[in-house]
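What's in target.txt: compact mmCIF, N, CA and C atoms
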```txt
# COMPACT_ATOMS: atom_id res chain seq x y z
N MET X 132 0.85 -1.17 0.00
CA MET X 132 0.00 0.00 0.00
C MET X 132 0.89 1.23 0.00
N SER X 133 0.64 2.14 -0.92
CA SER X 133 1.44 3.36 -1.01
C SER X 133 0.89 4.44 -0.06
N VAL X 134 1.66 5.49 0.08
CA VAL X 134 1.25 6.60 0.95
C VAL X 134 -0.03 7.24 0.43
N SER X 135 -0.15 7.41 -0.87
CA SER X 135 -1.36 8.03 -1.42
C SER X 135 -2.58 7.15 -1.18
N ASP X 136 -2.41 5.84 -1.24
CA ASP X 136 -3.52 4.94 -0.95
C ASP X 136 -3.97 5.06 0.51
N MET X 137 -3.01 5.27 1.40
CA MET X 137 -3.36 5.43 2.81
C MET X 137 -4.14 6.71 3.04
N PHE X 138 -3.77 7.79 2.37
CA PHE X 138 -4.48 9.05 2.53
C PHE X 138 -5.87 9.00 1.92
N LEU X 139 -6.03 8.25 0.84
CA LEU X 139 -7.32 8.17 0.16
C LEU X 139 -8.21 7.06 0.70
N TRP X 140 -7.75 6.30 1.68
CA TRP X 140 -8.47 5.15 2.19
C TRP X 140 -9.88 5.47 2.69
N PRO X 141 -10.11 6.52 3.51
CA PRO X 141 -11.47 6.75 4.01
C PRO X 141 -12.48 6.96 2.87
N GLY X 142 -12.13 7.79 1.92
CA GLY X 142 -13.05 8.06 0.81
C GLY X 142 -13.25 6.86 -0.08
N THR X 143 -12.20 6.07 -0.27
CA THR X 143 -12.30 4.87 -1.09
C THR X 143 -13.25 3.87 -0.45
N LYS X 144 -13.15 3.68 0.85
CA LYS X 144 -14.02 2.73 1.55
C LYS X 144 -15.48 3.19 1.51
N VAL X 145 -15.72 4.49 1.64
CA VAL X 145 -17.09 5.00 1.56
C VAL X 145 -17.65 4.79 0.16
N CYS X 146 -16.86 5.05 -0.85
CA CYS X 146 -17.32 4.83 -2.24
C CYS X 146 -17.60 3.36 -2.49
N GLU X 147 -16.75 2.47 -2.00
CA GLU X 147 -16.99 1.05 -2.15
C GLU X 147 -18.27 0.64 -1.44
N ARG X 148 -18.50 1.21 -0.28
CA ARG X 148 -19.71 0.90 0.49
C ARG X 148 -20.97 1.37 -0.24
N LEU X 149 -20.86 2.50 -0.95
CA LEU X 149 -21.99 3.02 -1.72
C LEU X 149 -22.15 2.32 -3.07
N GLY X 150 -21.18 1.49 -3.42
CA GLY X 150 -21.23 0.78 -4.69
C GLY X 150 -20.82 1.63 -5.87
N VAL X 151 -19.94 2.60 -5.62
CA VAL X 151 -19.49 3.52 -6.66
C VAL X 151 -18.00 3.30 -6.88
N ASP X 152 -17.58 3.39 -8.14
CA ASP X 152 -16.16 3.23 -8.46
C ASP X 152 -15.41 4.51 -8.06
N PRO X 153 -14.50 4.43 -7.07
CA PRO X 153 -13.83 5.63 -6.59
C PRO X 153 -12.83 6.23 -7.58
N THR X 154 -12.42 5.47 -8.60
CA THR X 154 -11.46 6.01 -9.56
C THR X 154 -12.14 6.65 -10.76
N ALA X 155 -13.43 6.49 -10.90
CA ALA X 155 -14.15 7.08 -12.03
C ALA X 155 -14.60 8.50 -11.65
N ASP X 156 -15.73 8.92 -12.14
CA ASP X 156 -16.23 10.26 -11.85
C ASP X 156 -16.56 10.45 -10.38
N ALA X 157 -16.68 9.37 -9.65
CA ALA X 157 -16.98 9.47 -8.22
C ALA X 157 -15.76 9.93 -7.43
N GLY X 158 -14.67 10.23 -8.09
CA GLY X 158 -13.50 10.75 -7.40
C GLY X 158 -13.82 12.01 -6.61
N LEU X 159 -14.82 12.75 -7.04
CA LEU X 159 -15.24 13.94 -6.29
C LEU X 159 -15.89 13.55 -4.97
N ILE X 160 -16.62 12.44 -4.96
CA ILE X 160 -17.20 11.95 -3.71
C ILE X 160 -16.09 11.53 -2.77
N ARG X 161 -15.09 10.82 -3.30
CA ARG X 161 -13.96 10.39 -2.49
C ARG X 161 -13.21 11.60 -1.95
N TRP X 162 -13.02 12.61 -2.79
CA TRP X 162 -12.34 13.83 -2.36
C TRP X 162 -13.11 14.52 -1.23
N MET X 163 -14.44 14.59 -1.36
CA MET X 163 -15.26 15.25 -0.34
C MET X 163 -15.17 14.51 0.99
N ILE X 164 -15.27 13.20 0.95
CA ILE X 164 -15.20 12.41 2.19
C ILE X 164 -13.83 12.58 2.83
N ASN X 165 -12.77 12.51 2.04
CA ASN X 165 -11.42 12.69 2.58
C ASN X 165 -11.24 14.07 3.18
N THR X 166 -11.77 15.08 2.52
CA THR X 166 -11.67 16.45 3.04
C THR X 166 -12.38 16.57 4.38
N LEU X 167 -13.55 15.99 4.49
CA LEU X 167 -14.30 16.05 5.76
C LEU X 167 -13.56 15.30 6.87
N VAL X 168 -13.06 14.12 6.55
CA VAL X 168 -12.35 13.32 7.56
C VAL X 168 -11.11 14.04 8.06
N TYR X 169 -10.29 14.52 7.13
CA TYR X 169 -9.03 15.14 7.54
C TYR X 169 -9.24 16.54 8.13
N SER X 170 -10.32 17.20 7.79
CA SER X 170 -10.64 18.48 8.44
C SER X 170 -11.00 18.26 9.90
N VAL X 171 -11.79 17.24 10.17
CA VAL X 171 -12.16 16.92 11.55
C VAL X 171 -10.93 16.50 12.34
N VAL X 172 -10.08 15.67 11.76
CA VAL X 172 -8.86 15.25 12.44
C VAL X 172 -7.97 16.45 12.74
N ALA X 173 -7.82 17.35 11.78
CA ALA X 173 -6.98 18.54 11.98
C ALA X 173 -7.57 19.46 13.04
N LEU X 174 -8.88 19.63 13.05
CA LEU X 174 -9.50 20.49 14.07
C LEU X 174 -9.36 19.90 15.46
N ILE X 175 -9.50 18.59 15.58
CA ILE X 175 -9.30 17.95 16.89
C ILE X 175 -7.85 18.13 17.34
N PHE X 176 -6.92 17.94 16.42
CA PHE X 176 -5.50 18.12 16.76
C PHE X 176 -5.21 19.54 17.21
N VAL X 177 -5.74 20.52 16.50
CA VAL X 177 -5.52 21.93 16.88
C VAL X 177 -6.18 22.22 18.24
N TRP X 178 -7.35 21.66 18.46
CA TRP X 178 -8.05 21.88 19.72
C TRP X 178 -7.25 21.30 20.88
N ILE X 179 -6.66 20.13 20.69
CA ILE X 179 -5.86 19.51 21.73
C ILE X 179 -4.61 20.34 22.02
N ILE X 180 -3.97 20.85 20.96
CA ILE X 180 -2.77 21.67 21.14
C ILE X 180 -3.12 22.99 21.86
N ALA X 181 -4.26 23.59 21.52
CA ALA X 181 -4.63 24.89 22.08
C ALA X 181 -5.04 24.80 23.54
N VAL X 182 -5.54 23.67 23.95
CA VAL X 182 -6.01 23.53 25.34
C VAL X 182 -4.89 23.01 26.17
```

The structure in this file should be written as structure tokens.
Amino acid sequence: MSVSDMFLWPGTKVCERLGVDPTADAGLIRWMINTLVYSVVALIFVWIIAV
């Protein structure tokens, strides 16, 4: 598994669960899910550092 596969894993799994090919036009769905996941992770990290 490459580094890019690890970063794209959450969105890929959601697309597979929805029955959509994550490498086709559904790449935008994968991108959106990854953005949401990593935004939440980053906000939690910043919150922990700030407190």

Report, in Å to a single decimal, how far apart CA of Val182 (chain X) and atom C of Asn165 (chain X) are.
24.7 Å

As an NGL selection string, please: the residues near region 135-151 of chain X (cut-off 7 Å, all atoms listed in the file, same-chain neighbours under 3 positions excluded).
:X and (132 or 154-155 or 157 or 160-165)

If you run DSSP on the backbone here, which positions in chain X get helix (DSSP H, G or I)? Please write them as number ranges by chain.
X: 134-149, 158-181

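The two atoms in question, atom N of Tyr169 (chain X) and CA of Val134 (chain X), are spaced 15.3 Å apart.
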
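We find CA of Ile180 (chain X) and CA of Thr166 (chain X) to be spaced 20.8 Å apart.
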